>>> print(open('final_9.cif').read())   # mmCIF, C-alpha atoms and all ligand atoms
data_coords
#
loop_
_atom_site.label_atom_id
_atom_site.label_comp_id
_atom_site.auth_asym_id
_atom_site.auth_seq_id
_atom_site.Cartn_x
_atom_site.Cartn_y
_atom_site.Cartn_z
CA MET A 1 87.05 126.22 110.88
CA LYS A 2 88.80 129.33 109.58
CA GLU A 3 91.73 128.61 111.95
CA ARG A 4 92.43 125.43 109.97
CA GLU A 5 93.48 127.50 106.97
CA ILE A 6 96.93 127.27 108.42
CA TYR A 7 98.84 128.34 105.32
CA SER A 8 96.84 131.45 104.59
CA ASP A 9 99.24 133.78 106.42
CA LEU A 10 102.27 132.58 104.49
CA ARG A 11 103.73 135.54 102.59
CA VAL A 12 106.61 136.22 100.23
CA PHE A 13 108.20 139.60 99.71
CA PRO A 14 109.30 140.81 96.27
CA PRO A 15 111.41 140.53 94.28
CA PHE A 16 110.63 136.91 93.48
CA ALA A 17 110.11 134.59 90.54
CA VAL A 18 107.25 132.20 90.01
CA ARG A 19 108.08 129.18 87.88
CA ILE A 20 105.30 127.04 86.53
CA ASP A 21 105.77 123.77 84.67
CA GLY A 22 103.29 121.80 82.57
CA ARG A 23 102.12 118.69 84.39
CA GLY A 24 102.55 115.51 82.35
CA PHE A 25 103.02 117.53 79.14
CA ARG A 26 105.06 114.79 77.55
CA ARG A 27 101.92 112.73 77.23
CA ALA A 28 99.52 115.65 76.76
CA LEU A 29 101.52 117.06 73.83
CA ASP A 30 102.04 113.62 72.32
CA LEU A 31 98.27 113.26 72.02
CA LEU A 32 98.13 116.59 70.17
CA GLY A 33 100.50 115.27 67.52
CA LEU A 34 102.96 118.13 67.94
CA LYS A 35 106.30 118.04 66.15
CA LYS A 36 109.22 116.59 68.11
CA PRO A 37 111.38 117.69 69.73
CA TYR A 38 110.12 121.26 69.05
CA ASP A 39 106.86 122.52 67.67
CA GLU A 40 106.62 126.23 66.99
CA ARG A 41 102.84 126.12 67.42
CA PHE A 42 103.31 125.01 71.04
CA ALA A 43 106.04 127.59 71.76
CA ARG A 44 103.82 130.29 70.27
CA ALA A 45 100.88 129.19 72.40
CA MET A 46 103.08 129.35 75.53
CA ALA A 47 104.44 132.82 74.67
CA ASN A 48 100.96 134.08 73.75
CA SER A 49 99.55 132.75 77.03
CA VAL A 50 102.20 134.77 78.88
CA GLU A 51 101.31 137.82 76.81
CA VAL A 52 97.62 137.40 77.72
CA PHE A 53 98.71 137.14 81.36
CA PHE A 54 100.57 140.47 81.05
CA ARG A 55 97.53 142.10 79.48
CA GLU A 56 94.64 140.64 81.41
CA SER A 57 95.61 139.08 84.74
CA GLY A 58 95.77 142.37 86.60
CA LEU A 59 99.16 141.25 87.94
CA ASN A 60 102.26 143.04 86.87
CA PRO A 61 105.28 140.88 86.07
CA VAL A 62 108.44 142.76 85.13
CA PHE A 63 109.24 140.16 82.49
CA ALA A 64 109.00 136.43 81.82
CA PHE A 65 111.18 133.70 80.35
CA THR A 66 109.84 130.52 78.80
CA PHE A 67 111.21 127.37 77.19
CA SER A 68 109.71 123.92 76.69
CA ASP A 69 106.73 123.62 79.07
CA GLU A 70 108.00 125.98 81.76
CA ILE A 71 107.55 129.71 82.39
CA SER A 72 109.37 131.91 84.91
CA LEU A 73 107.66 135.20 85.76
CA PHE A 74 109.51 137.91 87.68
CA PHE A 75 107.74 140.23 90.10
CA PHE A 76 108.81 143.42 91.85
CA GLU A 77 105.34 143.89 93.30
CA MET A 78 102.39 141.64 94.06
CA ALA A 79 98.71 141.98 94.90
CA TYR A 80 96.87 139.83 97.49
CA ASN A 81 99.06 141.01 100.33
CA ASN A 82 101.88 138.83 98.94
CA ARG A 83 100.03 135.66 100.00
CA VAL A 84 101.79 132.50 98.83
CA GLU A 85 98.57 130.50 98.44
CA LYS A 86 97.08 133.14 96.13
CA ILE A 87 100.22 133.54 94.02
CA ASP A 88 100.85 129.81 93.69
CA SER A 89 97.27 129.06 92.66
CA ILE A 90 96.10 131.99 90.54
CA ILE A 91 99.13 132.12 88.23
CA PRO A 92 99.17 128.46 87.11
CA ALA A 93 95.36 128.50 86.87
CA PHE A 94 95.42 131.56 84.61
CA ILE A 95 98.10 130.12 82.33
CA SER A 96 96.40 126.69 82.16
CA SER A 97 93.23 128.39 81.02
CA ALA A 98 95.03 130.71 78.56
CA LEU A 99 96.94 127.78 77.03
CA THR A 100 93.75 125.76 76.70
CA ILE A 101 92.24 128.63 74.69
CA GLN A 102 95.42 129.16 72.63
CA LEU A 103 95.69 125.51 71.61
CA ASP A 104 91.94 124.95 71.41
CA LEU A 105 92.32 121.94 73.70
CA LYS A 106 89.51 119.52 74.41
CA ASP A 107 91.12 118.05 77.51
CA PRO A 108 92.14 119.99 80.61
CA VAL A 109 95.80 120.77 81.34
CA SER A 110 97.51 121.95 84.50
CA PHE A 111 100.76 123.53 85.66
CA ASP A 112 102.56 123.13 88.96
CA SER A 113 103.98 126.27 90.58
CA ARG A 114 106.76 127.38 92.88
CA ILE A 115 107.91 130.70 94.24
CA ILE A 116 111.60 131.59 94.29
CA PRO A 117 112.51 134.60 96.47
CA LEU A 118 115.29 136.51 94.71
CA GLY A 119 117.22 139.67 95.45
CA THR A 120 117.44 141.90 92.36
CA GLU A 121 121.07 140.80 92.05
CA ASP A 122 119.98 137.12 91.99
CA ILE A 123 117.67 137.47 88.99
CA TYR A 124 120.53 137.38 86.49
CA ARG A 125 122.01 134.25 88.09
CA TYR A 126 118.58 132.62 88.11
CA LEU A 127 118.24 133.33 84.38
CA LEU A 128 121.69 131.92 83.64
CA TRP A 129 120.56 128.75 85.39
CA ARG A 130 117.25 128.44 83.48
CA GLN A 131 118.95 129.22 80.16
CA ALA A 132 121.60 126.57 80.84
CA GLU A 133 118.67 124.19 81.36
CA THR A 134 117.17 125.38 78.05
CA TRP A 135 120.40 124.44 76.28
CA ARG A 136 120.74 121.06 78.05
CA ASN A 137 117.14 120.29 77.22
CA HIS A 138 117.76 121.27 73.57
CA VAL A 139 120.77 118.97 73.19
CA SER A 140 119.23 116.02 74.98
CA SER A 141 115.83 116.21 73.30
CA TYR A 142 117.37 116.37 69.80
CA GLY A 143 119.60 113.45 70.84
CA TYR A 144 116.59 111.55 72.17
CA TYR A 145 114.48 111.81 69.04
CA THR A 146 117.44 111.18 66.74
CA LEU A 147 118.21 107.90 68.53
CA LEU A 148 114.53 106.96 68.63
CA LYS A 149 114.37 107.27 64.84
CA THR A 150 117.17 104.71 64.52
CA GLY A 151 114.75 102.10 65.86
CA LEU A 152 115.94 101.79 69.49
CA THR A 153 113.32 101.42 72.24
CA GLU A 154 112.62 104.37 74.56
CA ASN A 155 114.45 102.60 77.40
CA ASP A 156 117.52 101.90 75.27
CA VAL A 157 117.54 105.50 74.05
CA ALA A 158 117.44 106.81 77.62
CA LEU A 159 120.27 104.49 78.61
CA ARG A 160 122.42 105.43 75.61
CA LEU A 161 121.89 109.15 76.22
CA LYS A 162 122.85 108.86 79.87
CA ASN A 163 126.27 107.61 78.85
CA MET A 164 126.90 110.19 76.12
CA LYS A 165 128.79 113.47 76.47
CA ALA A 166 127.15 116.60 75.06
CA SER A 167 129.79 116.70 72.29
CA GLU A 168 128.93 113.12 71.29
CA ILE A 169 125.24 113.99 71.08
CA HIS A 170 126.15 116.97 68.88
CA GLU A 171 128.05 114.71 66.51
CA LEU A 172 125.28 112.13 66.41
CA VAL A 173 122.60 114.71 65.63
CA PHE A 174 124.91 116.35 63.06
CA ARG A 175 125.39 113.04 61.25
CA HIS A 176 121.59 112.88 60.99
CA GLY A 177 121.42 116.31 59.38
CA THR A 178 120.91 118.85 62.18
CA ASN A 179 123.56 121.28 63.40
CA LEU A 180 122.64 122.11 67.01
CA ALA A 181 124.50 125.42 66.77
CA GLU A 182 122.16 126.53 64.00
CA THR A 183 118.71 125.59 65.25
CA PRO A 184 116.29 128.53 65.80
CA ALA A 185 117.37 130.77 68.69
CA TRP A 186 114.12 130.18 70.61
CA GLN A 187 114.92 126.48 70.85
CA ARG A 188 118.47 127.10 72.13
CA CYS A 189 117.96 130.24 74.23
CA GLY A 190 114.27 130.40 75.16
CA ILE A 191 111.80 133.26 74.70
CA LEU A 192 111.60 136.50 76.71
CA ILE A 193 108.36 138.43 77.17
CA TYR A 194 108.49 141.98 78.51
CA ARG A 195 106.88 145.40 78.36
CA GLU A 196 108.55 148.18 76.45
CA LYS A 197 107.81 151.89 76.74
CA TYR A 198 107.57 153.87 73.53
CA ASP A 199 106.43 157.32 72.43
CA LYS A 200 103.32 157.41 70.30
CA PRO A 201 103.12 160.57 68.20
CA GLY A 202 99.69 162.19 68.12
CA TYR A 203 97.87 165.48 67.65
CA ASP A 204 96.12 167.55 70.31
CA PRO A 205 93.13 169.11 68.47
CA LEU A 206 92.43 171.60 71.28
CA LYS A 207 95.93 173.01 71.55
CA LYS A 208 96.54 172.35 67.86
CA ILE A 209 100.00 170.90 68.51
CA GLU A 210 101.83 167.65 67.88
CA VAL A 211 102.09 165.64 71.11
CA ARG A 212 103.87 162.49 72.18
CA ALA A 213 102.13 160.07 74.51
CA GLU A 214 104.11 157.42 76.37
CA ARG A 215 102.65 153.96 75.78
CA THR A 216 103.75 150.46 76.60
CA ARG A 217 103.70 147.45 74.35
CA ILE A 218 104.47 143.82 75.02
CA ILE A 219 107.45 142.33 73.27
CA GLN A 220 107.99 138.64 72.59
CA GLU A 221 111.72 138.22 72.00
CA TRP A 222 112.22 135.06 69.96
CA ASN A 223 115.81 135.97 69.21
CA THR A 224 116.84 135.88 72.84
CA PRO A 225 120.57 136.48 73.32
CA ILE A 226 122.78 134.15 75.32
CA PHE A 227 122.54 135.70 78.78
CA LYS A 228 126.23 134.96 79.49
CA THR A 229 127.30 137.33 76.69
CA GLY A 230 127.61 141.12 77.00
CA GLY A 231 124.47 141.68 74.94
CA GLY A 232 122.49 139.27 77.09
CA ARG A 233 123.72 140.85 80.30
CA ASP A 234 122.82 144.32 79.04
CA LEU A 235 119.30 143.28 78.05
CA ILE A 236 118.62 141.71 81.46
CA GLY A 237 120.10 144.78 83.15
CA LYS A 238 117.68 146.96 81.17
CA LEU A 239 114.69 144.78 82.08
CA ILE A 240 115.51 144.78 85.77
CA SER A 241 116.33 148.48 86.10
N1 LIG B 301 106.20 117.38 70.93
C1 LIG B 301 106.64 118.37 71.70
N2 LIG B 301 106.80 118.15 73.03
C2 LIG B 301 107.25 119.17 73.79
C3 LIG B 301 107.57 120.44 73.27
N3 LIG B 301 108.01 121.22 74.28
C4 LIG B 301 107.95 120.48 75.40
N4 LIG B 301 107.50 119.22 75.12
C5 LIG B 301 107.28 118.08 76.03
O1 LIG B 301 107.17 118.57 77.34
C6 LIG B 301 108.04 117.81 78.19
C7 LIG B 301 108.52 118.71 79.29
O2 LIG B 301 109.35 118.01 80.17
P1 LIG B 301 108.93 117.71 81.66
O3 LIG B 301 108.29 118.90 82.26
O4 LIG B 301 110.16 117.19 82.32
O5 LIG B 301 107.90 116.50 81.49
P2 LIG B 301 106.35 116.37 81.86
O6 LIG B 301 105.80 115.23 81.07
O7 LIG B 301 105.68 117.68 81.69
O8 LIG B 301 106.37 115.89 83.37
P3 LIG B 301 106.17 116.74 84.73
O9 LIG B 301 106.54 118.15 84.45
O10 LIG B 301 107.11 116.10 85.71
O11 LIG B 301 104.74 116.55 85.13
C8 LIG B 301 109.15 117.30 77.29
O12 LIG B 301 109.65 116.09 77.72
C9 LIG B 301 108.46 117.13 75.96
O13 LIG B 301 107.95 115.81 75.87
C10 LIG B 301 107.39 120.64 71.86
O14 LIG B 301 107.65 121.73 71.31
N5 LIG B 301 106.93 119.59 71.13
MG MG B 302 106.35 119.41 82.68
#
>>> encode(input="final_9.cif", output="structure tokens")
Amino acid sequence: MKEREIYSDLRVFPPFAVRIDGRGFRRALDLLGLKKPYDERFARAMANSVEVFFRESGLNPVFAFTFSDEISLFFFEMAYNNRVEKIDSIIPAFISSALTIQLDLKDPVSFDSRIIPLGTEDIYRYLLWRQAETWRNHVSSYGYYTLLKTGLTENDVALRLKNMKASEIHELVFRHGTNLAETPAWQRCGILIYREKYDKPGYDPLKKIEVRAERTRIIQEWNTPIFKTGGGRDLIGKLIS
């Protein structure tokens, strides 16, 4: 029967990204009574789940980017002989479990998963694409819940939004008290998670000298820059190099 495991030899060679997306989270998060369109408790649980993945999965992502219910993880190396089946199953399973713990859920959740082979030079373009999606999602979800509050049905809201330009949605949301240019950066630009090297000063009691040990810590960047800008480009360059 082993020969029927016909996908087990499928392999992917780094660099690549793995993007996972919460399955049916619209409904799952509704049941939790989270704030709409954005709930910081949920964003924190997502970012913390990624941080736990960095610490405890034994896999070694270079960095990760998350917004809404999706996470992109970037790898320059991979265990399991680069096997697609392993990568595409273990990562969403780990994050599902981590998120369940973070949010103290009583019902199971799951994530779907896909692998995106990328040259190092493609990573920046990939991030521009996902951050553009973050922004689109931000505008349309604020528009959605603003219109819903005016008493329209979900269907009518969807229809209205489809025919509105981004600038019209901005104006609508502004008239209802929210300036979309001034919402928290994590809602507009997403959250980056990465490792940072730093020197930890210490004392060597044997040699009786001050020493510096190189350590790494995990950073959650909630003030993510716009990747299109110089600052954003520099930060990504630093993470990739
Ligand atoms: N209340 C609340 N909902 C959120 C938040 N972030 C994401 N979501 C929900 O998650 C959904 C993510 O969109 P999708 O991935 O397209 O929808 P989905 O229901 O997960 O469907 P599939 O991914 O296709 O299975 C959004 O539509 C929101 O309903 C949040 O901070 N608060
Ligand atoms: Mg989803």
>>> closest_residue(input="final_9.cif", among="A:Gly237, A:Pro205, A:Pro184, A:Gly231", to="Asp39 of chain A", atoms="only C-alpha atoms")
A:Pro184
>>> atom_distance(input="final_9.cif", atom1="atom CA of Val84 of chain A", atom2="atom CA of Ser68 of chain A")
25.0 Å
>>> residues_around(input="final_9.cif", residues="Pro37 of chain A", least_positions_apart="6", cutoff="10 Å", atoms="only C-alpha atoms", output="list of chain:residue names")
A:Ser68, A:Asn137, A:His138, A:Ser140, A:Ser141, A:Tyr142, A:Gly143, A:Tyr144, A:Tyr145, A:Thr146, A:Gln187
>>> closest_residue(input="final_9.cif", among="A:Phe75, A:Val109, A:Pro117, A:Lys207", to="Leu29 of chain A", atoms="only C-alpha atoms")
A:Val109
>>> atom_distance(input="final_9.cif", atom1="atom CA of Arg233 of chain A", atom2="atom O2 of ligand LIG 301 (chain B)")
27.0 Å
>>> residues_around(input="final_9.cif", residues="Arg215 of chain A", least_positions_apart="3", cutoff="10 Å", atoms="all atoms listed in the file", output="JSON, numbers by chain")
{"A": [195, 196, 197, 198, 199, 200, 212]}
>>> residues_around(input="final_9.cif", residues="Leu128 of chain A", least_positions_apart="5", cutoff="9 Å", atoms="all atoms listed in the file", output="VMD selection string")
chain A and resid 123 133 226 to 228
>>> write_last_selection(input="final_9.cif", atoms="C-alpha atoms", output="PDB file, keeping the file's coordinate frame")
ATOM      1  CA  ILE A 123     117.670 137.470  88.990  1.00  0.00           C
ATOM      2  CA  GLU A 133     118.670 124.190  81.360  1.00  0.00           C
ATOM      3  CA  ILE A 226     122.780 134.150  75.320  1.00  0.00           C
ATOM      4  CA  PHE A 227     122.540 135.700  78.780  1.00  0.00           C
ATOM      5  CA  LYS A 228     126.230 134.960  79.490  1.00  0.00           C
TER       6      LYS A 228
END
>>> atom_distance(input="final_9.cif", atom1="atom CA of Phe63 of chain A", atom2="atom CA of Glu40 of chain A")
21.0 Å
>>> residues_near_ligand(input="final_9.cif", ligand="ligand LIG 301 (chain B)", cutoff="10 Å", atoms="only C-alpha atoms and all ligand atoms", output="number ranges by chain")
A: 20-44, 46, 67-70, 110-112, 137-138, 140-141, 144, 187
>>> residues_around(input="final_9.cif", residues="segment 76-82 of chain A", least_positions_apart="6", cutoff="9 Å", atoms="all atoms listed in the file", output="JSON, numbers by chain")
{"A": [10, 11, 12, 13, 14, 15, 16, 58, 59, 60, 61, 62, 120]}
>>> closest_residue(input="final_9.cif", among="A:Ala158, A:Ala45, A:Ile71, A:Leu172", to="ligand MG 302 (chain B)", atoms="only C-alpha atoms and all ligand atoms")
A:Ile71
>>> residues_around(input="final_9.cif", residues="Thr183 of chain A", least_positions_apart="3", cutoff="12 Å", atoms="all atoms listed in the file", output="number ranges by chain")
A: 37-38, 135, 138-139, 142, 170, 173-174, 177-180, 186-190, 223
>>> closest_residue(input="final_9.cif", among="A:Tyr124, A:Ile115, A:Ile193, A:Asn155", to="Ile218 of chain A", atoms="all atoms listed in the file")
A:Ile193
>>> axis_aligned_box(input="final_9.cif", around="segment 183-195 of chain A", padding_each_side="5 Å", output="AutoDock Vina command-line options")
--center_x 112.8 --center_y 135.5 --center_z 71.9 --size_x 21.8 --size_y 29.8 --size_z 23.3
>>> closest_residue(input="final_9.cif", among="A:Ile240, A:Leu192, A:Ile87, A:Ile209", to="Ser8 of chain A", atoms="only C-alpha atoms")
A:Ile87
>>> residues_near_point(input="final_9.cif", point="(124.6, 116.2, 76.7)", cutoff="7 Å", atoms="only C-alpha atoms", output="CSV table (one decimal) with C-alpha atoms, in the frame of the given file")
chain,number,residue,atom,x,y,z
A,136,ARG,CA,120.7,121.1,78.0
A,139,VAL,CA,120.8,119.0,73.2
A,140,SER,CA,119.2,116.0,75.0
A,164,MET,CA,126.9,110.2,76.1
A,165,LYS,CA,128.8,113.5,76.5
A,166,ALA,CA,127.2,116.6,75.1
A,167,SER,CA,129.8,116.7,72.3
A,169,ILE,CA,125.2,114.0,71.1
>>> closest_residue(input="final_9.cif", among="A:Asn163, A:Ser89, A:Ser113, A:Gln102", to="ligand MG 302 (chain B)", atoms="all atoms listed in the file")
A:Ser113
>>> decode(input="final_9.cif", residues="segment 51-114 of chain A", atoms="C-alpha atoms", output="PDB file, in the first residue's frame")
ATOM      1  CA  GLU A  51       5.577  33.701  18.220  1.00  0.00           C
ATOM      2  CA  VAL A  52       4.945  30.297  19.844  1.00  0.00           C
ATOM      3  CA  PHE A  53       5.591  28.722  16.435  1.00  0.00           C
ATOM      4  CA  PHE A  54       8.973  30.509  16.254  1.00  0.00           C
ATOM      5  CA  ARG A  55       9.861  29.331  19.745  1.00  0.00           C
ATOM      6  CA  GLU A  56       8.533  25.811  19.868  1.00  0.00           C
ATOM      7  CA  SER A  57       7.842  24.273  16.457  1.00  0.00           C
ATOM      8  CA  GLY A  58      11.453  23.361  15.789  1.00  0.00           C
ATOM      9  CA  LEU A  59      11.050  24.978  12.357  1.00  0.00           C
ATOM     10  CA  ASN A  60      12.912  28.115  11.550  1.00  0.00           C
ATOM     11  CA  PRO A  61      10.988  30.796   9.667  1.00  0.00           C
ATOM     12  CA  VAL A  62      12.976  33.898   8.752  1.00  0.00           C
ATOM     13  CA  PHE A  63       9.981  36.083   9.526  1.00  0.00           C
ATOM     14  CA  ALA A  64       6.193  36.129   9.281  1.00  0.00           C
ATOM     15  CA  PHE A  65       3.480  38.590   8.284  1.00  0.00           C
ATOM     16  CA  THR A  66      -0.091  38.420   9.524  1.00  0.00           C
ATOM     17  CA  PHE A  67      -3.335  40.331   9.055  1.00  0.00           C
ATOM     18  CA  SER A  68      -6.964  39.339   9.572  1.00  0.00           C
ATOM     19  CA  ASP A  69      -7.087  35.513   9.701  1.00  0.00           C
ATOM     20  CA  GLU A  70      -4.067  34.842   7.487  1.00  0.00           C
ATOM     21  CA  ILE A  71      -0.371  34.295   8.208  1.00  0.00           C
ATOM     22  CA  SER A  72       2.518  34.145   5.730  1.00  0.00           C
ATOM     23  CA  LEU A  73       5.691  32.470   7.001  1.00  0.00           C
ATOM     24  CA  PHE A  74       8.949  32.760   5.060  1.00  0.00           C
ATOM     25  CA  PHE A  75      11.513  29.974   5.005  1.00  0.00           C
ATOM     26  CA  PHE A  76      15.105  29.814   3.795  1.00  0.00           C
ATOM     27  CA  GLU A  77      15.466  26.270   5.103  1.00  0.00           C
ATOM     28  CA  MET A  78      13.115  23.430   5.925  1.00  0.00           C
ATOM     29  CA  ALA A  79      13.192  20.125   7.778  1.00  0.00           C
ATOM     30  CA  TYR A  80      11.458  16.913   6.584  1.00  0.00           C
ATOM     31  CA  ASN A  81      13.462  16.780   3.389  1.00  0.00           C
ATOM     32  CA  ASN A  82      11.372  19.693   2.056  1.00  0.00           C
ATOM     33  CA  ARG A  83       8.317  17.425   1.731  1.00  0.00           C
ATOM     34  CA  VAL A  84       5.204  19.339   0.687  1.00  0.00           C
ATOM     35  CA  GLU A  85       2.806  17.062   2.583  1.00  0.00           C
ATOM     36  CA  LYS A  86       4.701  17.594   5.842  1.00  0.00           C
ATOM     37  CA  ILE A  87       4.992  21.369   5.433  1.00  0.00           C
ATOM     38  CA  ASP A  88       1.384  21.852   4.387  1.00  0.00           C
ATOM     39  CA  SER A  89       0.020  19.784   7.267  1.00  0.00           C
ATOM     40  CA  ILE A  90       2.265  20.461  10.256  1.00  0.00           C
ATOM     41  CA  ILE A  91       2.246  24.264   9.998  1.00  0.00           C
ATOM     42  CA  PRO A  92      -1.537  24.821   9.913  1.00  0.00           C
ATOM     43  CA  ALA A  93      -1.985  22.106  12.563  1.00  0.00           C
ATOM     44  CA  PHE A  94       0.504  23.802  14.891  1.00  0.00           C
ATOM     45  CA  ILE A  95      -1.079  27.236  14.465  1.00  0.00           C
ATOM     46  CA  SER A  96      -4.636  25.873  14.878  1.00  0.00           C
ATOM     47  CA  SER A  97      -3.597  24.327  18.153  1.00  0.00           C
ATOM     48  CA  ALA A  98      -1.664  27.425  19.318  1.00  0.00           C
ATOM     49  CA  LEU A  99      -4.614  29.704  18.499  1.00  0.00           C
ATOM     50  CA  THR A 100      -7.014  27.399  20.325  1.00  0.00           C
ATOM     51  CA  ILE A 101      -4.840  27.738  23.438  1.00  0.00           C
ATOM     52  CA  GLN A 102      -4.398  31.518  23.005  1.00  0.00           C
ATOM     53  CA  LEU A 103      -8.128  32.187  22.703  1.00  0.00           C
ATOM     54  CA  ASP A 104      -9.145  29.456  25.138  1.00  0.00           C
ATOM     55  CA  LEU A 105     -11.528  28.084  22.515  1.00  0.00           C
ATOM     56  CA  LYS A 106     -14.048  25.365  23.247  1.00  0.00           C
ATOM     57  CA  ASP A 107     -14.621  24.470  19.611  1.00  0.00           C
ATOM     58  CA  PRO A 108     -11.952  23.313  17.160  1.00  0.00           C
ATOM     59  CA  VAL A 109     -10.625  25.634  14.445  1.00  0.00           C
ATOM     60  CA  SER A 110      -8.599  24.914  11.336  1.00  0.00           C
ATOM     61  CA  PHE A 111      -6.442  26.698   8.765  1.00  0.00           C
ATOM     62  CA  ASP A 112      -5.913  25.876   5.119  1.00  0.00           C
ATOM     63  CA  SER A 113      -2.364  26.056   3.773  1.00  0.00           C
ATOM     64  CA  ARG A 114      -0.469  26.705   0.568  1.00  0.00           C
TER      65      ARG A 114
END
